[in-house]
$ cat work.cif   # mmCIF, C-alpha atoms and all ligand atoms
data_structure
#
loop_
_atom_site.label_atom_id
_atom_site.label_comp_id
_atom_site.auth_asym_id
_atom_site.auth_seq_id
_atom_site.Cartn_x
_atom_site.Cartn_y
_atom_site.Cartn_z
CA MET A 1 107.51 113.00 111.44
CA THR A 2 108.07 110.12 109.06
CA TRP A 3 111.43 109.30 107.49
CA VAL A 4 109.73 108.44 104.16
CA PRO A 5 110.93 111.11 101.72
CA GLY A 6 108.23 113.52 100.57
CA ALA A 7 105.49 112.00 102.74
CA ALA A 8 105.18 114.83 105.27
CA GLY A 9 102.80 117.47 103.97
CA SER A 10 101.61 115.27 101.07
CA GLY A 11 98.18 114.49 102.53
CA TYR A 12 99.45 110.93 103.00
CA GLY A 13 101.73 111.55 105.96
CA VAL A 14 102.14 109.19 108.87
CA GLU A 15 99.03 110.70 110.50
CA HIS A 16 96.91 109.24 107.68
CA LEU A 17 97.95 105.67 106.74
CA PRO A 18 94.99 104.60 104.58
CA TYR A 19 94.62 100.90 103.69
CA GLY A 20 94.22 99.38 100.26
CA VAL A 21 94.72 96.23 98.21
CA PHE A 22 96.91 96.22 95.14
CA GLY A 23 98.84 94.14 92.67
CA TYR A 24 102.49 94.90 92.03
CA GLY A 25 104.64 93.44 89.24
CA ALA A 26 104.29 89.67 89.00
CA ASP A 27 104.20 89.60 92.74
CA GLY A 28 100.53 88.79 93.46
CA GLU A 29 98.29 90.97 95.60
CA HIS A 30 98.94 92.72 98.85
CA VAL A 31 97.10 94.56 101.57
CA GLY A 32 99.08 97.71 102.23
CA VAL A 33 99.09 101.21 103.62
CA ARG A 34 99.94 104.32 101.68
CA ILE A 35 102.64 106.69 102.92
CA GLY A 36 103.45 109.63 100.62
CA ASP A 37 103.78 108.28 97.08
CA ARG A 38 104.75 104.83 98.35
CA ALA A 39 102.76 101.77 99.41
CA LEU A 40 103.89 99.36 102.10
CA PRO A 41 102.78 95.73 101.62
CA LEU A 42 101.81 94.53 105.09
CA ASP A 43 102.17 90.81 104.40
CA ARG A 44 105.82 91.52 103.57
CA LEU A 45 106.17 93.43 106.80
CA GLU A 46 104.81 90.44 108.71
CA GLN A 47 107.11 88.05 106.82
CA ALA A 48 110.07 90.27 107.76
CA GLY A 49 109.14 89.90 111.42
CA LEU A 50 108.45 93.61 111.79
CA LEU A 51 104.69 93.36 112.38
CA ASP A 52 102.60 90.78 114.18
CA ALA A 53 98.95 91.05 113.21
CA GLY A 54 98.13 87.35 113.43
CA GLY A 55 98.44 86.85 109.68
CA VAL A 56 95.38 88.97 108.80
CA PHE A 57 97.30 90.55 105.93
CA SER A 58 98.44 87.32 104.28
CA PRO A 59 96.57 86.30 101.12
CA ASP A 60 94.86 83.06 102.10
CA GLY A 61 95.98 80.04 100.08
CA GLY A 62 96.71 82.07 96.96
CA ARG A 63 93.31 83.73 96.98
CA MET A 64 92.96 87.44 96.38
CA ALA A 65 94.18 89.73 99.13
CA SER A 66 91.44 91.51 101.04
CA LEU A 67 91.07 93.86 103.98
CA ASN A 68 88.19 91.79 105.38
CA PRO A 69 90.15 89.71 107.94
CA PHE A 70 91.69 92.90 109.32
CA LEU A 71 88.31 94.66 109.34
CA ALA A 72 86.81 91.79 111.31
CA ALA A 73 89.63 91.88 113.88
CA GLY A 74 88.17 94.95 115.59
CA PRO A 75 89.26 98.20 117.18
CA ASP A 76 92.02 96.82 119.44
CA VAL A 77 93.84 95.23 116.48
CA TRP A 78 93.18 98.30 114.29
CA ALA A 79 94.80 100.50 116.94
CA ALA A 80 97.72 98.17 117.63
CA VAL A 81 98.61 97.86 113.93
CA ARG A 82 98.33 101.62 113.45
CA ASP A 83 100.59 102.24 116.45
CA ARG A 84 103.18 99.78 115.18
CA LEU A 85 103.12 101.18 111.62
CA THR A 86 103.54 104.69 113.03
CA GLU A 87 106.55 103.50 115.01
CA LEU A 88 108.12 101.74 112.01
CA LEU A 89 107.62 104.73 109.72
CA THR A 90 108.84 107.39 112.15
CA ASP A 91 111.71 105.79 114.08
CA PRO A 92 114.84 106.03 111.87
CA ALA A 93 116.12 102.83 113.48
CA TYR A 94 113.68 100.84 111.28
CA ARG A 95 114.42 102.66 108.03
CA ASP A 96 117.02 100.19 106.73
CA ARG A 97 114.61 97.26 107.06
CA VAL A 98 111.35 98.91 106.02
CA GLU A 99 112.42 101.16 103.15
CA PRO A 100 113.31 98.27 100.77
CA LEU A 101 109.73 96.98 101.14
CA LEU A 102 108.12 100.23 99.90
CA VAL A 103 106.79 100.25 96.34
CA PRO A 104 105.85 103.29 94.21
CA VAL A 105 102.12 104.02 94.16
CA ALA A 106 102.55 104.87 90.47
CA ASP A 107 103.43 101.22 89.77
CA ILE A 108 100.67 99.44 91.68
CA ARG A 109 97.38 98.12 90.33
CA PRO A 110 94.60 99.07 92.78
CA ARG A 111 91.98 96.43 93.58
CA LEU A 112 88.66 96.68 95.38
CA PRO A 113 90.01 96.98 98.96
CA PHE A 114 87.43 94.74 100.63
CA ALA A 115 84.73 92.28 99.66
CA VAL A 116 81.52 94.31 99.94
CA ALA A 117 78.97 92.40 102.01
CA ASP A 118 75.82 94.54 101.92
CA TYR A 119 75.53 97.99 100.44
CA VAL A 120 73.13 100.64 101.73
CA ASP A 121 72.77 104.17 100.43
CA PHE A 122 71.23 106.99 102.46
CA TYR A 123 69.66 110.31 101.47
CA SER A 124 70.86 112.55 104.28
CA SER A 125 71.64 115.94 102.74
CA GLU A 126 68.76 118.32 103.28
CA HIS A 127 69.95 120.47 100.37
CA HIS A 128 70.16 117.49 98.00
CA ALA A 129 66.80 116.05 99.05
CA GLY A 130 65.20 119.48 98.74
CA ASN A 131 66.67 120.07 95.28
CA VAL A 132 65.66 116.63 94.00
CA GLY A 133 62.16 117.10 95.38
CA GLN A 134 61.78 120.39 93.53
CA ILE A 135 63.14 118.92 90.27
CA PHE A 136 61.29 115.55 90.34
CA ARG A 137 58.06 116.65 92.07
CA PRO A 138 57.49 120.33 91.29
CA GLY A 139 54.61 121.92 93.16
CA GLN A 140 54.81 119.43 96.04
CA PRO A 141 56.65 119.81 99.37
CA PRO A 142 60.33 119.09 98.51
CA LEU A 143 60.96 116.91 101.58
CA PRO A 144 58.78 113.86 102.28
CA PRO A 145 57.03 113.96 105.70
CA ASN A 146 59.35 111.32 107.22
CA TRP A 147 62.59 113.03 106.16
CA ARG A 148 63.41 114.83 109.44
CA HIS A 149 62.40 111.81 111.54
CA LEU A 150 64.62 109.10 110.05
CA PRO A 151 67.60 108.79 107.71
CA ILE A 152 65.94 107.53 104.51
CA GLY A 153 67.90 104.87 102.64
CA TYR A 154 67.67 101.91 100.30
CA HIS A 155 69.58 98.67 99.82
CA GLY A 156 71.83 98.78 96.76
CA ARG A 157 73.70 96.13 94.84
CA ALA A 158 76.92 95.08 96.61
CA GLY A 159 78.18 93.00 93.68
CA THR A 160 78.52 96.01 91.39
CA VAL A 161 80.67 98.13 93.69
CA VAL A 162 83.90 98.70 91.76
CA VAL A 163 87.24 100.28 92.54
CA SER A 164 88.17 103.73 91.30
CA GLY A 165 89.44 103.67 87.72
CA THR A 166 87.03 100.98 86.57
CA GLU A 167 85.27 101.96 83.36
CA VAL A 168 81.53 102.57 83.79
CA ARG A 169 79.38 101.40 80.91
CA ARG A 170 76.34 103.51 80.11
CA PRO A 171 73.36 101.41 81.19
CA CYS A 172 70.40 100.49 79.02
CA GLY A 173 66.93 100.29 80.41
CA GLN A 174 63.36 101.38 80.30
CA ARG A 175 62.44 105.06 80.43
CA ARG A 176 59.53 107.22 79.48
CA PRO A 177 60.64 110.25 77.43
CA PRO A 178 59.12 113.60 78.49
CA GLY A 179 55.60 113.95 77.10
CA ALA A 180 55.49 110.38 75.81
CA GLY A 181 52.67 108.06 76.82
CA GLN A 182 54.64 104.84 76.52
CA PRO A 183 58.08 103.82 77.73
CA VAL A 184 60.99 103.01 75.41
CA TYR A 185 64.09 100.83 75.83
CA GLY A 186 67.63 102.01 75.17
CA PRO A 187 70.77 103.64 76.59
CA SER A 188 70.20 106.13 79.39
CA VAL A 189 70.28 109.71 78.11
CA ARG A 190 70.45 111.27 81.59
CA LEU A 191 73.46 109.59 83.15
CA ASP A 192 74.62 111.30 86.34
CA ILE A 193 76.88 111.05 89.35
CA GLU A 194 76.32 111.33 93.09
CA ALA A 195 79.30 112.50 95.16
CA GLU A 196 79.15 110.63 98.46
CA VAL A 197 81.15 109.39 101.40
CA GLY A 198 81.06 105.66 102.22
CA PHE A 199 81.50 104.02 105.64
CA VAL A 200 83.11 100.59 105.91
CA VAL A 201 81.90 98.21 108.63
CA GLY A 202 84.47 95.98 110.29
CA VAL A 203 82.95 94.29 113.34
CA PRO A 204 79.80 92.26 112.67
CA THR A 205 76.76 91.84 114.92
CA ALA A 206 74.36 88.99 115.65
CA LEU A 207 70.96 88.90 113.98
CA GLY A 208 68.35 90.43 116.26
CA THR A 209 70.69 92.90 117.93
CA ARG A 210 71.08 96.61 117.32
CA VAL A 211 73.98 99.05 117.35
CA THR A 212 73.63 102.33 119.21
CA ALA A 213 74.85 105.56 117.67
CA ASP A 214 77.51 105.78 120.39
CA ASP A 215 78.91 102.39 119.31
CA PHE A 216 79.70 103.72 115.82
CA ALA A 217 83.50 103.55 116.20
CA ARG A 218 83.35 100.00 117.63
CA HIS A 219 81.95 98.75 114.33
CA VAL A 220 82.96 101.18 111.60
CA PHE A 221 86.58 100.98 110.51
CA GLY A 222 86.92 103.75 107.98
CA VAL A 223 85.84 105.94 105.13
CA VAL A 224 85.98 105.86 101.33
CA LEU A 225 84.86 108.26 98.65
CA LEU A 226 81.96 106.94 96.63
CA ASN A 227 80.28 107.78 93.34
CA ASP A 228 76.73 106.47 93.09
CA TRP A 229 76.35 106.57 89.29
CA SER A 230 72.69 107.25 88.54
CA ALA A 231 70.63 106.96 85.35
CA ARG A 232 68.04 109.64 86.06
CA ASP A 233 65.68 108.69 83.24
CA ILE A 234 65.57 105.03 84.29
CA GLN A 235 65.28 106.11 87.94
CA ALA A 236 62.45 108.60 87.37
CA TRP A 237 60.29 105.99 85.61
CA GLU A 238 60.94 103.07 87.96
CA TYR A 239 61.35 104.52 91.46
CA GLN A 240 57.76 104.77 92.68
CA PRO A 241 56.71 103.10 94.92
CA LEU A 242 59.75 101.03 95.96
CA GLY A 243 62.69 103.36 95.39
CA PRO A 244 65.89 103.16 93.33
CA PHE A 245 66.52 99.91 91.44
CA LEU A 246 68.13 99.52 87.99
CA GLY A 247 68.82 103.24 87.65
CA LYS A 248 71.50 102.80 90.33
CA SER A 249 72.57 99.15 90.42
CA PHE A 250 74.74 99.04 87.28
CA ALA A 251 77.83 100.47 89.06
CA THR A 252 78.97 102.20 92.24
CA SER A 253 82.62 103.33 92.39
CA ILE A 254 84.70 103.66 95.57
CA SER A 255 88.18 105.02 96.18
CA ALA A 256 91.02 102.52 96.40
CA TRP A 257 92.24 103.69 99.84
CA VAL A 258 90.21 103.32 103.03
CA THR A 259 90.96 106.10 105.51
CA PRO A 260 90.66 104.78 109.08
CA LEU A 261 88.43 106.73 111.48
CA ALA A 262 91.54 106.95 113.66
CA ALA A 263 93.04 109.36 111.10
CA LEU A 264 90.03 111.67 111.32
CA SER A 265 90.14 112.69 115.00
CA ALA A 266 91.08 116.28 114.08
CA ALA A 267 88.30 116.39 111.48
CA ARG A 268 85.48 115.75 113.98
CA VAL A 269 83.10 118.71 114.08
CA PRO A 270 79.63 119.24 115.57
CA ALA A 271 76.81 118.14 113.26
CA PRO A 272 74.00 120.54 112.34
CA PRO A 273 71.16 120.87 114.87
CA GLN A 274 68.05 118.75 114.29
CA ASP A 275 64.49 119.96 114.56
CA PRO A 276 62.18 118.31 115.51
CA PRO A 277 64.06 116.27 118.14
CA VAL A 278 64.79 112.73 117.02
CA LEU A 279 63.58 109.54 118.71
CA ASP A 280 65.80 108.17 121.47
CA TYR A 281 67.44 105.47 119.36
CA LEU A 282 68.81 108.17 117.03
CA ARG A 283 70.32 110.27 119.85
CA GLU A 284 74.08 110.62 120.18
CA SER A 285 75.77 111.59 123.44
CA GLU A 286 78.13 113.68 121.36
CA ARG A 287 76.63 114.68 118.04
CA PHE A 288 79.48 114.88 115.53
CA THR A 289 80.33 114.54 111.88
CA TYR A 290 83.50 114.94 109.82
CA ASP A 291 84.80 118.06 108.12
CA LEU A 292 85.42 116.61 104.66
CA SER A 293 85.64 119.01 101.72
CA LEU A 294 84.75 117.24 98.49
CA GLU A 295 85.63 118.34 94.98
CA VAL A 296 83.96 117.12 91.78
CA GLU A 297 85.98 117.32 88.59
CA TRP A 298 84.28 116.81 85.18
CA ASN A 299 86.74 116.24 82.31
CA GLY A 300 89.38 118.19 84.23
CA THR A 301 87.14 121.10 85.30
CA VAL A 302 86.24 121.43 88.96
CA VAL A 303 82.48 122.00 88.85
CA SER A 304 81.49 121.61 92.50
CA ARG A 305 82.80 121.59 96.07
CA PRO A 306 80.30 119.73 98.29
CA PRO A 307 80.76 120.12 102.09
CA PHE A 308 80.16 116.82 103.94
CA ALA A 309 79.70 118.42 107.38
CA THR A 310 76.40 120.02 106.27
CA LEU A 311 74.60 116.65 106.20
CA TYR A 312 71.55 116.52 108.47
CA TRP A 313 71.98 112.87 109.51
CA THR A 314 75.35 111.69 110.81
CA PRO A 315 77.10 108.40 110.01
CA ALA A 316 76.48 107.25 113.61
CA GLN A 317 72.75 107.91 113.28
CA GLN A 318 72.70 106.11 109.93
CA LEU A 319 74.32 103.05 111.54
CA ALA A 320 71.86 103.10 114.47
CA HIS A 321 68.92 103.38 112.09
CA MET A 322 70.21 100.65 109.78
CA THR A 323 70.31 98.15 112.67
CA VAL A 324 67.36 99.28 114.83
CA ASN A 325 65.15 96.53 113.42
CA GLY A 326 67.70 93.86 114.41
CA ALA A 327 69.28 93.52 110.97
CA SER A 328 72.80 92.22 111.56
CA LEU A 329 76.01 93.78 110.31
CA ARG A 330 78.55 91.83 108.32
CA THR A 331 82.23 92.55 107.91
CA GLY A 332 82.54 94.48 104.66
CA ASP A 333 79.14 96.16 104.86
CA LEU A 334 79.29 99.50 103.11
CA TYR A 335 76.88 102.33 103.72
CA ALA A 336 76.97 105.60 101.86
CA SER A 337 76.01 109.03 103.13
CA GLY A 338 73.79 109.96 100.23
CA THR A 339 74.65 112.72 97.79
CA VAL A 340 76.54 115.52 99.50
CA SER A 341 75.12 118.90 98.49
CA GLY A 342 75.68 122.20 100.24
CA PRO A 343 73.37 125.21 100.12
CA SER A 344 74.71 126.79 96.91
CA ARG A 345 74.60 125.53 93.33
CA ASP A 346 78.41 125.15 93.11
CA GLN A 347 78.29 122.86 96.16
CA THR A 348 75.90 120.30 94.71
CA GLY A 349 76.95 116.66 94.43
CA SER A 350 75.00 115.66 91.33
CA PHE A 351 74.73 116.99 87.78
CA LEU A 352 70.94 116.76 88.12
CA GLU A 353 71.22 119.62 90.59
CA LEU A 354 74.17 121.38 88.94
CA SER A 355 72.25 121.65 85.64
CA TRP A 356 68.87 121.98 87.45
CA GLY A 357 67.25 118.98 85.85
CA GLY A 358 69.13 119.48 82.58
CA THR A 359 67.75 122.99 81.99
CA GLU A 360 70.91 125.00 82.79
CA PRO A 361 74.01 123.56 81.05
CA VAL A 362 77.41 123.60 82.75
CA THR A 363 80.35 125.03 80.77
CA LEU A 364 83.64 123.13 81.12
CA SER A 365 87.09 124.69 80.75
CA ASP A 366 87.38 123.53 77.11
CA GLY A 367 84.25 125.57 76.31
CA SER A 368 82.04 122.52 75.87
CA GLN A 369 78.69 122.36 77.62
CA ARG A 370 77.12 119.55 79.58
CA THR A 371 73.92 118.69 81.35
CA PHE A 372 74.40 114.94 81.88
CA LEU A 373 77.34 112.63 81.11
CA GLU A 374 78.46 111.96 77.55
CA ASP A 375 80.36 108.86 76.42
CA GLY A 376 84.09 109.29 77.10
CA ASP A 377 83.53 111.75 79.96
CA THR A 378 85.59 111.28 83.10
CA VAL A 379 84.46 112.28 86.59
CA THR A 380 86.85 112.39 89.52
CA ILE A 381 85.80 113.06 93.11
CA ARG A 382 88.45 114.05 95.64
CA ALA A 383 88.28 115.09 99.27
CA ALA A 384 90.44 116.50 102.02
CA ALA A 385 90.02 116.79 105.77
CA PRO A 386 92.00 118.50 108.54
CA GLY A 387 94.62 116.25 110.12
CA PRO A 388 96.40 116.66 113.47
CA GLN A 389 98.83 119.55 114.00
CA GLY A 390 97.78 121.47 110.91
CA THR A 391 98.30 118.57 108.51
CA THR A 392 95.86 117.56 105.78
CA ILE A 393 94.30 114.16 105.17
CA SER A 394 93.92 113.69 101.40
CA PHE A 395 91.44 111.01 100.47
CA GLY A 396 92.28 108.94 97.48
CA GLU A 397 90.24 109.89 94.46
CA VAL A 398 87.31 108.02 93.00
CA THR A 399 87.34 108.30 89.24
CA GLY A 400 85.54 106.69 86.35
CA ARG A 401 85.16 107.12 82.59
CA ILE A 402 81.90 106.52 80.75
CA ALA A 403 82.00 103.80 78.07
CA THR A 404 79.45 103.56 75.26
CA ALA A 405 76.37 101.46 75.95
CA ARG A 406 76.12 97.98 74.47
CA CA B 1 72.95 108.02 96.28
#
$ encode --input "work.cif" --output "structure tokens" --more "lines below"
Ligand code: CA
Amino acid sequence: MTWVPGAAGSGYGVEHLPYGVFGYGADGEHVGVRIGDRALPLDRLEQAGLLDAGGVFSPDGGRMASLNPFLAAGPDVWAAVRDRLTELLTDPAYRDRVEPLLVPVADIRPRLPFAVADYVDFYSSEHHAGNVGQIFRPGQPPLPPNWRHLPIGYHGRAGTVVVSGTEVRRPCGQRRPPGAGQPVYGPSVRLDIEAEVGFVVGVPTALGTRVTADDFARHVFGVVLLNDWSARDIQAWEYQPLGPFLGKSFATSISAWVTPLAALSAARVPAPPQDPPVLDYLRESERFTYDLSLEVEWNGTVVSRPPFATLYWTPAQQLAHMTVNGASLRTGDLYASGTVSGPSRDQTGSFLELSWGGTEPVTLSDGSQRTFLEDGDTVTIRAAAPGPQGTTISFGEVTGRIATAR
């Protein structure tokens, strides 16, 4: 039990301790952990002699603070820092020295928590892939023939990953309107979301080596929520034969707080069975996923509750597949699960599915109707997972508002 007032039972108790980067006052940037509605700047903790993490939390020469040095330090350092923070935030003997360092979360300015190295996005929900297949390729088998043999993915644009709260400008591009023979240029008229879970790589690998599924936790540090904003009209015209390109690369939003895998031990659940059996390199000695319940809110109305644990391919299998060709990992690599959609319509993670290709509008609580995003709309994705001893792990939200195209 932590001594921080209000933290127990908040979803940000001492069993959680997610990491982020933030500005505060005129004080520069800090790497910190969240506890309740407070943030603890870890460079300050090191300066006070209360934490020894080898300086990984100190902004380097006035440059922006970043989680990357800590991510690169590996599982032993991750565990040692977590143990020490738990001690400092639970033992009342430290309260007098630690409490003055806490700052209100309401007063901080969240930054992108780590420098994104490479960004990969998978396509691992059978329900999502099946729905998209029916909508985009009616009359054909919804799943491509390779789908049950490998986790399909594509490389996205790392430089346009932004932190939650960043405005998302409606993209312009080339699309071919329904029934038209020729494409036109202009703002996307089918702007959408994809509710996903992102995995943050800490420990890099050498080029030419691979990571087994069972080595997942030796390389992956933690989890963020992710919104893969998608311009469906641009995507539908451009994606064959090489996959998503400009319909996705204009912005990808992630939550400001990275939840360490260490906080998710109570959320581990068996992953769905796979048929046909997978090739050896995709086998896990213990096949598991995480019981994350997502929630998608559109202008204040909860429109969907996607269940992460239904995904066919697990994050460990995705990591094994991503490296099986010898492609190296870098600290700060981010790979996303793919849209999380459950079996029912109100569990789908995209508005493409929720409105069934724009044919069945969604009614929001103010009575307005939507198929795709309008300018000024705000989408917020939240998630929760079971924590130890009946607690809850609340993921930070990922939110964004749509700005008019220019
Ligand atoms: Ca996606």
$ closest_residue --input "work.cif" --among "A:Gly159, A:Ala262, A:Ala180, A:His149" --to "A:Leu279" --atoms "all atoms listed in the file"
A:His149
$ residues_near_ligand --input "work.cif" --ligand "ligand CA 1 (chain B)" --cutoff "7 Å" --atoms "only C-alpha atoms and all ligand atoms" --output "count of residues only"
7
$ closest_residue --input "work.cif" --among "A:Pro138, A:Gly54, A:Pro69, A:Pro187" --to "A:Gly357" --atoms "all atoms listed in the file"
A:Pro138
$ atom_distance --input "work.cif" --atom1 "atom CA of A:Asp214" --atom2 "atom CA of A:Thr392"
26.2 Å
$ atom_distance --input "work.cif" --atom1 "atom CA of A:Ala383" --atom2 "atom CA of A:Gly36"
16.2 Å
$ closest_residue --input "work.cif" --among "A:Val33, A:Glu167, A:Phe221, A:Leu143" --to "A:Gly332" --atoms "only C-alpha atoms"
A:Phe221
$ residues_around --input "work.cif" --residues "A:Asp43" --least-positions-apart "6" --cutoff "8 Å" --atoms "all atoms listed in the file" --output "VMD selection string"
chain A and resid 30 to 32 55 57 to 59
$ residues_around --input "work.cif" --residues "A:Pro315" --least-positions-apart "2" --cutoff "10 Å" --atoms "only C-alpha atoms" --output "PyMOL selection string"
chain A and resi 122+124+151+197-199+213+216+220+288-290+311-313+317-321+335-337
$ write_last_selection --input "work.cif" --atoms "C-alpha atoms" --output "PDB file, in the frame of the given file"
ATOM      1  CA  PHE A 122      71.230 106.990 102.460  1.00  0.00           C
ATOM      2  CA  SER A 124      70.860 112.550 104.280  1.00  0.00           C
ATOM      3  CA  PRO A 151      67.600 108.790 107.710  1.00  0.00           C
ATOM      4  CA  VAL A 197      81.150 109.390 101.400  1.00  0.00           C
ATOM      5  CA  GLY A 198      81.060 105.660 102.220  1.00  0.00           C
ATOM      6  CA  PHE A 199      81.500 104.020 105.640  1.00  0.00           C
ATOM      7  CA  ALA A 213      74.850 105.560 117.670  1.00  0.00           C
ATOM      8  CA  PHE A 216      79.700 103.720 115.820  1.00  0.00           C
ATOM      9  CA  VAL A 220      82.960 101.180 111.600  1.00  0.00           C
ATOM     10  CA  PHE A 288      79.480 114.880 115.530  1.00  0.00           C
ATOM     11  CA  THR A 289      80.330 114.540 111.880  1.00  0.00           C
ATOM     12  CA  TYR A 290      83.500 114.940 109.820  1.00  0.00           C
ATOM     13  CA  LEU A 311      74.600 116.650 106.200  1.00  0.00           C
ATOM     14  CA  TYR A 312      71.550 116.520 108.470  1.00  0.00           C
ATOM     15  CA  TRP A 313      71.980 112.870 109.510  1.00  0.00           C
ATOM     16  CA  GLN A 317      72.750 107.910 113.280  1.00  0.00           C
ATOM     17  CA  GLN A 318      72.700 106.110 109.930  1.00  0.00           C
ATOM     18  CA  LEU A 319      74.320 103.050 111.540  1.00  0.00           C
ATOM     19  CA  ALA A 320      71.860 103.100 114.470  1.00  0.00           C
ATOM     20  CA  HIS A 321      68.920 103.380 112.090  1.00  0.00           C
ATOM     21  CA  TYR A 335      76.880 102.330 103.720  1.00  0.00           C
ATOM     22  CA  ALA A 336      76.970 105.600 101.860  1.00  0.00           C
ATOM     23  CA  SER A 337      76.010 109.030 103.130  1.00  0.00           C
TER      24      SER A 337
END
$ atom_distance --input "work.cif" --atom1 "atom CA of A:Pro177" --atom2 "atom CA of A:Ser253"
27.5 Å
$ residues_near_point --input "work.cif" --point "(70.0, 99.0, 90.8)" --cutoff "12 Å" --atoms "all atoms listed in the file" --output "PyMOL selection string"
chain A and resi 119-121+154-161+171-173+228-232+234-235+238-239+242-252
$ write_last_selection --input "work.cif" --atoms "C-alpha atoms" --output "PDB file, keeping the file's coordinate frame"
ATOM      1  CA  TYR A 119      75.530  97.990 100.440  1.00  0.00           C
ATOM      2  CA  VAL A 120      73.130 100.640 101.730  1.00  0.00           C
ATOM      3  CA  ASP A 121      72.770 104.170 100.430  1.00  0.00           C
ATOM      4  CA  TYR A 154      67.670 101.910 100.300  1.00  0.00           C
ATOM      5  CA  HIS A 155      69.580  98.670  99.820  1.00  0.00           C
ATOM      6  CA  GLY A 156      71.830  98.780  96.760  1.00  0.00           C
ATOM      7  CA  ARG A 157      73.700  96.130  94.840  1.00  0.00           C
ATOM      8  CA  ALA A 158      76.920  95.080  96.610  1.00  0.00           C
ATOM      9  CA  GLY A 159      78.180  93.000  93.680  1.00  0.00           C
ATOM     10  CA  THR A 160      78.520  96.010  91.390  1.00  0.00           C
ATOM     11  CA  VAL A 161      80.670  98.130  93.690  1.00  0.00           C
ATOM     12  CA  PRO A 171      73.360 101.410  81.190  1.00  0.00           C
ATOM     13  CA  CYS A 172      70.400 100.490  79.020  1.00  0.00           C
ATOM     14  CA  GLY A 173      66.930 100.290  80.410  1.00  0.00           C
ATOM     15  CA  ASP A 228      76.730 106.470  93.090  1.00  0.00           C
ATOM     16  CA  TRP A 229      76.350 106.570  89.290  1.00  0.00           C
ATOM     17  CA  SER A 230      72.690 107.250  88.540  1.00  0.00           C
ATOM     18  CA  ALA A 231      70.630 106.960  85.350  1.00  0.00           C
ATOM     19  CA  ARG A 232      68.040 109.640  86.060  1.00  0.00           C
ATOM     20  CA  ILE A 234      65.570 105.030  84.290  1.00  0.00           C
ATOM     21  CA  GLN A 235      65.280 106.110  87.940  1.00  0.00           C
ATOM     22  CA  GLU A 238      60.940 103.070  87.960  1.00  0.00           C
ATOM     23  CA  TYR A 239      61.350 104.520  91.460  1.00  0.00           C
ATOM     24  CA  LEU A 242      59.750 101.030  95.960  1.00  0.00           C
ATOM     25  CA  GLY A 243      62.690 103.360  95.390  1.00  0.00           C
ATOM     26  CA  PRO A 244      65.890 103.160  93.330  1.00  0.00           C
ATOM     27  CA  PHE A 245      66.520  99.910  91.440  1.00  0.00           C
ATOM     28  CA  LEU A 246      68.130  99.520  87.990  1.00  0.00           C
ATOM     29  CA  GLY A 247      68.820 103.240  87.650  1.00  0.00           C
ATOM     30  CA  LYS A 248      71.500 102.800  90.330  1.00  0.00           C
ATOM     31  CA  SER A 249      72.570  99.150  90.420  1.00  0.00           C
ATOM     32  CA  PHE A 250      74.740  99.040  87.280  1.00  0.00           C
ATOM     33  CA  ALA A 251      77.830 100.470  89.060  1.00  0.00           C
ATOM     34  CA  THR A 252      78.970 102.200  92.240  1.00  0.00           C
TER      35      THR A 252
END
$ residues_around --input "work.cif" --residues "A:Leu50" --least-positions-apart "3" --cutoff "12 Å" --atoms "all atoms listed in the file" --output "list in words"
Pro41, Leu42, Asp43, Arg44, Leu45, Glu46, Gln47, Ala53, Val81, Arg84, Leu85, Glu87, Leu88, Leu89, Tyr94, Arg95, Asp96, Arg97, Val98 and Leu101 of chain A
$ residues_around --input "work.cif" --residues "stretch 132-137 of chain A" --least-positions-apart "4" --cutoff "10 Å" --atoms "all atoms listed in the file" --output "MDAnalysis selection string"
chainID A and resid 126:128 141:144 232 236 350 352:353 356:358
$ closest_residue --input "work.cif" --among "A:Gly349, A:Pro273, A:Gly390, A:Gly396" --to "A:Phe308" --atoms "all atoms listed in the file"
A:Gly349
